[in-house]
Amino acid sequence: MADYYETLGVERTATEEEIKRAYRRMSRKYHPDIAGPEYEDKFKEVNSAYEVLSDPDKRRMYDAGVDPNDPGSGAYGASGPFGMGDIFSQFFTGAFGGGEGPVPRTQPGRNTIESLAITLKTAVFGGTQKLEYHTMGVCEHCEGTGSEDRQPPVTCPQCHGTGHVQKVVRTLLGQMMTSAPCDRCEGHGTIIERPCTVCHGHGRVPTRRTLDVPVPAGVADGTRVRMDGQGEVGECGGPAGDLYIDFRVRRDRQYTRDGDDLHCWVSVPMTWAVLGHETSLDTFDGEQTLEIPAGCQPDQQIELKGLGVTHLGGDGERGDLIAHIEVQIPTKLNDRERRLIDEFGQLRKDGERSVDAQGSKPVAAQKKGFFSKIKDAFS
């Protein structure tokens with residue numbers, strides 16, 4: 001037998017209010033529209049647990065060892081047989097005014113999940129992005145009332161407002177009186193005499209909305225934010241659900257993101273790396289000066305402080321921009337260029353530096369100089 005208390009995450013001594021709060025929390029957590037279709041079975045388990053634990057009679061049966069949701073369970077539980085009053089209550093629910101009341105026509109709307117693509121620059125500074133999405137909106141024809149003439153519903157003449165009708169059923173104990181939802185008013189206890197010809201009495205219709213979504217500065221790919229009351233409008237004027245937005249940050253052609261730092265790769269000529277040079281770099285803050293230091297090595301990093309991504313939810317501080325230097329080594333040299341590089345290498349004694357004078361390490365393990373690498377590339 002399933003442990004309904006564990007499913008809702010409450011103690012066996014939980015009060016009715018604690019069970020309601022737990023159900024609202026778990027149903028929101030596992031609702032397929034929010035968590036994804038793979039949680040549909042888990043969502044059904046949560047509803048089954050709440051169906052039993054929210055009903056005093058069913059909860060009493062469950063605590064005695066019989067699962068009311070299991071059609072194969074008998075009237076005898078682990079703690080012994082039930083009293084006849086408990087058995088009769090299952091057949092006479094609603095027959096003497098003890099059943100559930102009518103279902104309200106006003107129902108809350110469901111939550112909506114949408115995906116919104118933004119640029120990396122928008123993620124850095126924040127901003128506003130337009131979102132178009134399909135949802136359920138108020139029927140303008142009836143102004144959400146569900147009535148063609150906007151008149152309030154009237155009491156159902158079949159169930160007299162109870163939402164249930166009595167029926168005679170045959171059981172092992174003979175004919176019993178039970179109750180079932182009224183098919184005339186669908187359990188609402190009221191009927192709309194002239195349903196709206198547009199929404200057919202529901203007070204809402206499918207619609208396409210355009211919304212200006214505020215994008216927090218520093219938002220990352222996959223971040224989800226909630227906008228209260230921007231989901232589906234409820235039936236017959238019910239409150240709207242919430243809108244959940246999953247941000248998707250588009251790939252930038254120049255920069256990649258690592259946390260709150262931005263990274264780019266700058267290719268410079270060999271002479272710039274040797275002698276140093278000043279160049280410009282196009283950033284999200286505009287053109288910035290990038291100082292290539294003399295003797296710059298391949299893969300050396302140059303940091304530009306405070307030009308990265310804004311810290312999400314912080315005080316406006318930002319990460320850094322990190323430029324990775326790639327040194328361009330020429331692949332074709334004329335005789336004069338080759339001779340000059342060779343002479344320079346001899347002046348620097350690059351060849352002598354690769355010799356292991358002490359014999360403590362193999363020559364292959366010695367780190368070669370920059371121009372030794374260049375000479376090797378052209379050998």
# chains A, B, ... in the order shown; residues from 1 in each chain; ligands from 1

call {"tool": "select_by_dssp", "arguments": {"residues": "range 24-221 of chain A", "states": "alpha helix (DSSP H)", "output": "short mmCIF file (atom, residue, chain, number, x, y, z; two decimals) with C-alpha atoms, in the first residue's frame"}}
result
data_model
loop_
_atom_site.label_atom_id
_atom_site.label_comp_id
_atom_site.auth_asym_id
_atom_site.auth_seq_id
_atom_site.Cartn_x
_atom_site.Cartn_y
_atom_site.Cartn_z
CA ARG A 24 -0.29 22.90 -2.86
CA ARG A 25 3.49 22.79 -2.55
CA MET A 26 3.89 19.30 -4.04
CA SER A 27 1.35 19.79 -6.83
CA ARG A 28 3.14 22.95 -7.95
CA LYS A 29 6.50 21.18 -7.75
CA TYR A 30 5.45 18.18 -9.85
CA PRO A 32 3.69 18.57 -15.71
CA ASP A 33 3.32 22.11 -17.03
CA ILE A 34 6.07 23.26 -14.66
CA ALA A 35 8.30 20.27 -13.93
CA GLU A 40 3.00 13.26 -14.78
CA ASP A 41 2.94 9.98 -12.81
CA LYS A 42 4.38 11.69 -9.73
CA PHE A 43 1.73 14.40 -10.05
CA LYS A 44 -0.99 11.72 -10.12
CA GLU A 45 0.46 10.15 -6.97
CA VAL A 46 0.30 13.51 -5.19
CA ASN A 47 -3.34 13.95 -6.21
CA SER A 48 -4.22 10.41 -5.09
CA ALA A 49 -2.59 11.01 -1.73
CA TYR A 50 -4.45 14.28 -1.23
CA GLU A 51 -7.76 12.71 -2.29
CA VAL A 52 -7.46 10.23 0.58
CA LEU A 53 -5.87 12.35 3.30
CA PRO A 56 -11.81 12.38 6.98
CA ASP A 57 -13.62 9.10 6.20
CA LYS A 58 -11.08 7.97 3.62
CA ARG A 59 -8.20 8.98 5.88
CA ARG A 60 -9.71 6.93 8.71
CA MET A 61 -9.94 3.93 6.39
CA TYR A 62 -6.34 4.43 5.23
CA ASP A 63 -5.03 4.76 8.79
CA MET A 84 -21.02 -0.50 9.89
CA GLY A 85 -21.27 3.27 10.12
CA ASP A 86 -18.01 3.60 8.16
CA ILE A 87 -19.29 1.19 5.48
CA PHE A 88 -22.67 2.90 5.14
CA SER A 89 -20.99 6.31 4.98
CA GLN A 90 -19.34 5.29 1.71
CA PHE A 91 -22.79 4.62 0.17
CA PHE A 92 -24.73 7.44 1.76
CA LEU A 120 24.82 37.80 -24.28
CA LYS A 121 24.95 41.59 -24.13
CA THR A 122 21.42 41.66 -22.68
CA ALA A 123 22.50 39.09 -20.11
CA VAL A 124 25.47 41.33 -19.17
CA PHE A 125 23.51 44.54 -18.59
#

call {"tool": "select_by_dssp", "arguments": {"residues": "range 16-218 of chain A", "states": "strand (DSSP E)", "output": "tab-separated table (two decimals) with C-alpha atoms, in the first residue's frame"}}
result
chain	number	residue	atom	x	y	z
A	76	TYR	CA	-10.93	-5.33	6.69
A	77	GLY	CA	-7.65	-3.59	7.33
A	80	GLY	CA	-9.47	-5.07	12.11
A	81	PRO	CA	-12.94	-4.63	10.54
A	112	THR	CA	2.44	28.71	-18.08
A	113	ILE	CA	6.07	28.02	-19.02
A	114	GLU	CA	7.75	29.84	-21.90
A	115	SER	CA	11.31	30.07	-23.25
A	116	LEU	CA	12.87	33.44	-24.10
A	117	ALA	CA	16.08	33.84	-26.13
A	118	ILE	CA	18.32	36.83	-25.31
A	127	GLY	CA	17.04	45.09	-20.10
A	128	THR	CA	13.58	44.42	-21.47
A	129	GLN	CA	12.65	41.77	-24.02
A	130	LYS	CA	9.33	41.20	-25.77
A	131	LEU	CA	7.72	37.78	-25.41
A	132	GLU	CA	4.83	36.48	-27.50
A	133	TYR	CA	3.04	33.39	-26.19
A	134	HIS	CA	-0.24	31.53	-26.37
A	135	THR	CA	-2.42	31.33	-23.26
A	136	MET	CA	-6.03	31.59	-22.07
A	137	GLY	CA	-7.36	35.12	-21.76
A	138	VAL	CA	-10.59	36.72	-20.63
A	154	VAL	CA	-29.14	30.50	-11.41
A	155	THR	CA	-29.75	27.54	-9.11
A	164	HIS	CA	-25.14	16.19	-6.55
A	165	VAL	CA	-28.12	13.98	-7.18
A	166	GLN	CA	-29.19	10.84	-5.33
A	167	LYS	CA	-29.06	7.51	-7.10
A	168	VAL	CA	-30.06	3.97	-6.10
A	169	VAL	CA	-27.35	1.35	-6.64
A	170	ARG	CA	-27.39	-2.37	-6.13
A	171	THR	CA	-24.79	-3.75	-3.72
A	174	GLY	CA	-29.11	-4.74	-1.27
A	175	GLN	CA	-30.22	-1.45	-2.75
A	176	MET	CA	-28.33	1.54	-1.38
A	177	MET	CA	-28.73	5.26	-1.87
A	178	THR	CA	-25.64	7.17	-2.97
A	179	SER	CA	-24.94	10.49	-4.65
A	180	ALA	CA	-23.24	11.50	-7.88
A	181	PRO	CA	-22.39	14.82	-9.57
A	190	THR	CA	-25.84	26.46	-10.82
A	191	ILE	CA	-26.46	26.79	-14.52
A	204	ARG	CA	-12.06	32.57	-21.28
A	205	VAL	CA	-10.74	31.91	-24.77
A	206	PRO	CA	-7.36	31.03	-26.34
A	207	THR	CA	-5.38	34.17	-27.03
A	208	ARG	CA	-1.91	35.33	-28.01
A	209	ARG	CA	-0.27	37.84	-25.73
A	210	THR	CA	2.73	40.14	-26.06
A	211	LEU	CA	4.54	40.94	-22.84
A	212	ASP	CA	7.53	43.14	-22.02
A	213	VAL	CA	9.70	40.90	-19.86
A	214	PRO	CA	12.27	42.55	-17.57
A	215	VAL	CA	15.60	40.71	-17.92

call {"tool": "residues_around", "arguments": {"residues": "Cys185 in chain A", "least_positions_apart": "6", "cutoff": "10 Å", "atoms": "only C-alpha atoms", "output": "ChimeraX atom specification"}}
result
/A:102-103,155-159,161-164,191-192

call {"tool": "closest_atom_pairs", "arguments": {"of": "range 204-271 of chain A", "to": "range 291-305 of chain A", "cutoff": "10 Å", "atoms": "only C-alpha atoms", "output": "tab-separated table"}}
result
residue	atom	partner	partner_atom	distance
A:Asp261	CA	A:Lys305	CA	9.6
A:Leu262	CA	A:Leu304	CA	9.7
A:His263	CA	A:Glu303	CA	9.4
A:Cys264	CA	A:Gln301	CA	9.8
A:Trp265	CA	A:Asp299	CA	8.9
A:Val266	CA	A:Asp299	CA	9.6
A:Ser267	CA	A:Pro298	CA	9.6
A:Val268	CA	A:Ile292	CA	8.7
A:Met270	CA	A:Cys296	CA	9.3
A:Thr271	CA	A:Ala294	CA	9.2

call {"tool": "write_last_selection", "arguments": {"atoms": "N, CA and C atoms", "output": "PDB file, in the first residue's frame"}}
result
ATOM      1  N   ASP A 261      32.699  36.117 -15.728  1.00  0.00           N
ATOM      2  CA  ASP A 261      33.803  36.598 -16.567  1.00  0.00           C
ATOM      3  C   ASP A 261      33.506  36.335 -18.037  1.00  0.00           C
ATOM      4  N   LEU A 262      33.988  37.241 -18.881  1.00  0.00           N
ATOM      5  CA  LEU A 262      33.897  37.081 -20.332  1.00  0.00           C
ATOM      6  C   LEU A 262      35.280  36.754 -20.878  1.00  0.00           C
ATOM      7  N   HIS A 263      35.321  35.847 -21.849  1.00  0.00           N
ATOM      8  CA  HIS A 263      36.598  35.440 -22.441  1.00  0.00           C
ATOM      9  C   HIS A 263      36.552  35.665 -23.956  1.00  0.00           C
ATOM     10  N   CYS A 264      37.675  36.129 -24.492  1.00  0.00           N
ATOM     11  CA  CYS A 264      37.818  36.242 -25.943  1.00  0.00           C
ATOM     12  C   CYS A 264      39.252  35.884 -26.315  1.00  0.00           C
ATOM     13  N   TRP A 265      39.470  35.598 -27.578  1.00  0.00           N
ATOM     14  CA  TRP A 265      40.790  35.221 -28.070  1.00  0.00           C
ATOM     15  C   TRP A 265      41.240  36.240 -29.104  1.00  0.00           C
ATOM     16  N   VAL A 266      42.423  36.829 -28.860  1.00  0.00           N
ATOM     17  CA  VAL A 266      42.952  37.893 -29.720  1.00  0.00           C
ATOM     18  C   VAL A 266      44.221  37.374 -30.394  1.00  0.00           C
ATOM     19  N   SER A 267      44.211  37.398 -31.713  1.00  0.00           N
ATOM     20  CA  SER A 267      45.366  36.941 -32.485  1.00  0.00           C
ATOM     21  C   SER A 267      46.239  38.148 -32.833  1.00  0.00           C
ATOM     22  N   VAL A 268      47.553  38.089 -32.463  1.00  0.00           N
ATOM     23  CA  VAL A 268      48.457  39.219 -32.700  1.00  0.00           C
ATOM     24  C   VAL A 268      49.676  38.734 -33.491  1.00  0.00           C
ATOM     25  N   MET A 270      53.646  38.168 -34.508  1.00  0.00           N
ATOM     26  CA  MET A 270      54.788  37.781 -33.700  1.00  0.00           C
ATOM     27  C   MET A 270      55.553  39.011 -33.215  1.00  0.00           C
ATOM     28  N   THR A 271      55.680  40.025 -34.074  1.00  0.00           N
ATOM     29  CA  THR A 271      56.450  41.217 -33.698  1.00  0.00           C
ATOM     30  C   THR A 271      55.770  41.968 -32.552  1.00  0.00           C
TER      31      THR A 271
END

call {"tool": "atom_distance", "arguments": {"atom1": "CA of Glu11 in chain A", "atom2": "CA of Ala64 in chain A"}}
result
15.8 Å

call {"tool": "decode", "arguments": {"residues": "range 270-304 of chain A", "atoms": "C-alpha atoms", "output": "PDB file, in the first residue's frame"}}
result
ATOM      1  CA  MET A 270      54.788  37.781 -33.700  1.00  0.00           C
ATOM      2  CA  THR A 271      56.450  41.217 -33.698  1.00  0.00           C
ATOM      3  CA  TRP A 272      53.726  42.607 -31.397  1.00  0.00           C
ATOM      4  CA  ALA A 273      54.325  39.783 -28.942  1.00  0.00           C
ATOM      5  CA  VAL A 274      58.097  40.456 -28.972  1.00  0.00           C
ATOM      6  CA  LEU A 275      58.141  44.259 -28.880  1.00  0.00           C
ATOM      7  CA  GLY A 276      54.765  45.000 -27.313  1.00  0.00           C
ATOM      8  CA  HIS A 277      51.935  46.905 -28.918  1.00  0.00           C
ATOM      9  CA  GLU A 278      48.762  48.828 -28.215  1.00  0.00           C
ATOM     10  CA  THR A 279      45.573  47.804 -30.001  1.00  0.00           C
ATOM     11  CA  SER A 280      41.828  48.292 -29.664  1.00  0.00           C
ATOM     12  CA  LEU A 281      39.262  45.710 -28.583  1.00  0.00           C
ATOM     13  CA  ASP A 282      35.542  45.921 -29.315  1.00  0.00           C
ATOM     14  CA  THR A 283      33.670  45.149 -26.069  1.00  0.00           C
ATOM     15  CA  PHE A 284      30.063  45.405 -24.838  1.00  0.00           C
ATOM     16  CA  ASP A 285      31.137  48.714 -23.224  1.00  0.00           C
ATOM     17  CA  GLY A 286      32.474  50.068 -26.486  1.00  0.00           C
ATOM     18  CA  GLU A 287      36.005  50.188 -27.857  1.00  0.00           C
ATOM     19  CA  GLN A 288      38.697  49.571 -25.231  1.00  0.00           C
ATOM     20  CA  THR A 289      42.506  49.793 -25.377  1.00  0.00           C
ATOM     21  CA  LEU A 290      44.343  46.472 -25.053  1.00  0.00           C
ATOM     22  CA  GLU A 291      48.005  46.668 -24.076  1.00  0.00           C
ATOM     23  CA  ILE A 292      50.098  43.795 -25.467  1.00  0.00           C
ATOM     24  CA  PRO A 293      53.166  43.680 -23.198  1.00  0.00           C
ATOM     25  CA  ALA A 294      56.636  43.186 -24.666  1.00  0.00           C
ATOM     26  CA  GLY A 295      57.624  39.534 -24.504  1.00  0.00           C
ATOM     27  CA  CYS A 296      54.002  38.388 -24.475  1.00  0.00           C
ATOM     28  CA  GLN A 297      53.827  34.598 -24.558  1.00  0.00           C
ATOM     29  CA  PRO A 298      51.312  32.406 -26.459  1.00  0.00           C
ATOM     30  CA  ASP A 299      48.163  31.783 -24.416  1.00  0.00           C
ATOM     31  CA  GLN A 300      49.006  34.645 -22.061  1.00  0.00           C
ATOM     32  CA  GLN A 301      45.942  36.251 -20.490  1.00  0.00           C
ATOM     33  CA  ILE A 302      45.312  39.984 -20.217  1.00  0.00           C
ATOM     34  CA  GLU A 303      42.543  41.047 -17.834  1.00  0.00           C
ATOM     35  CA  LEU A 304      40.314  44.084 -18.248  1.00  0.00           C
TER      36      LEU A 304
END
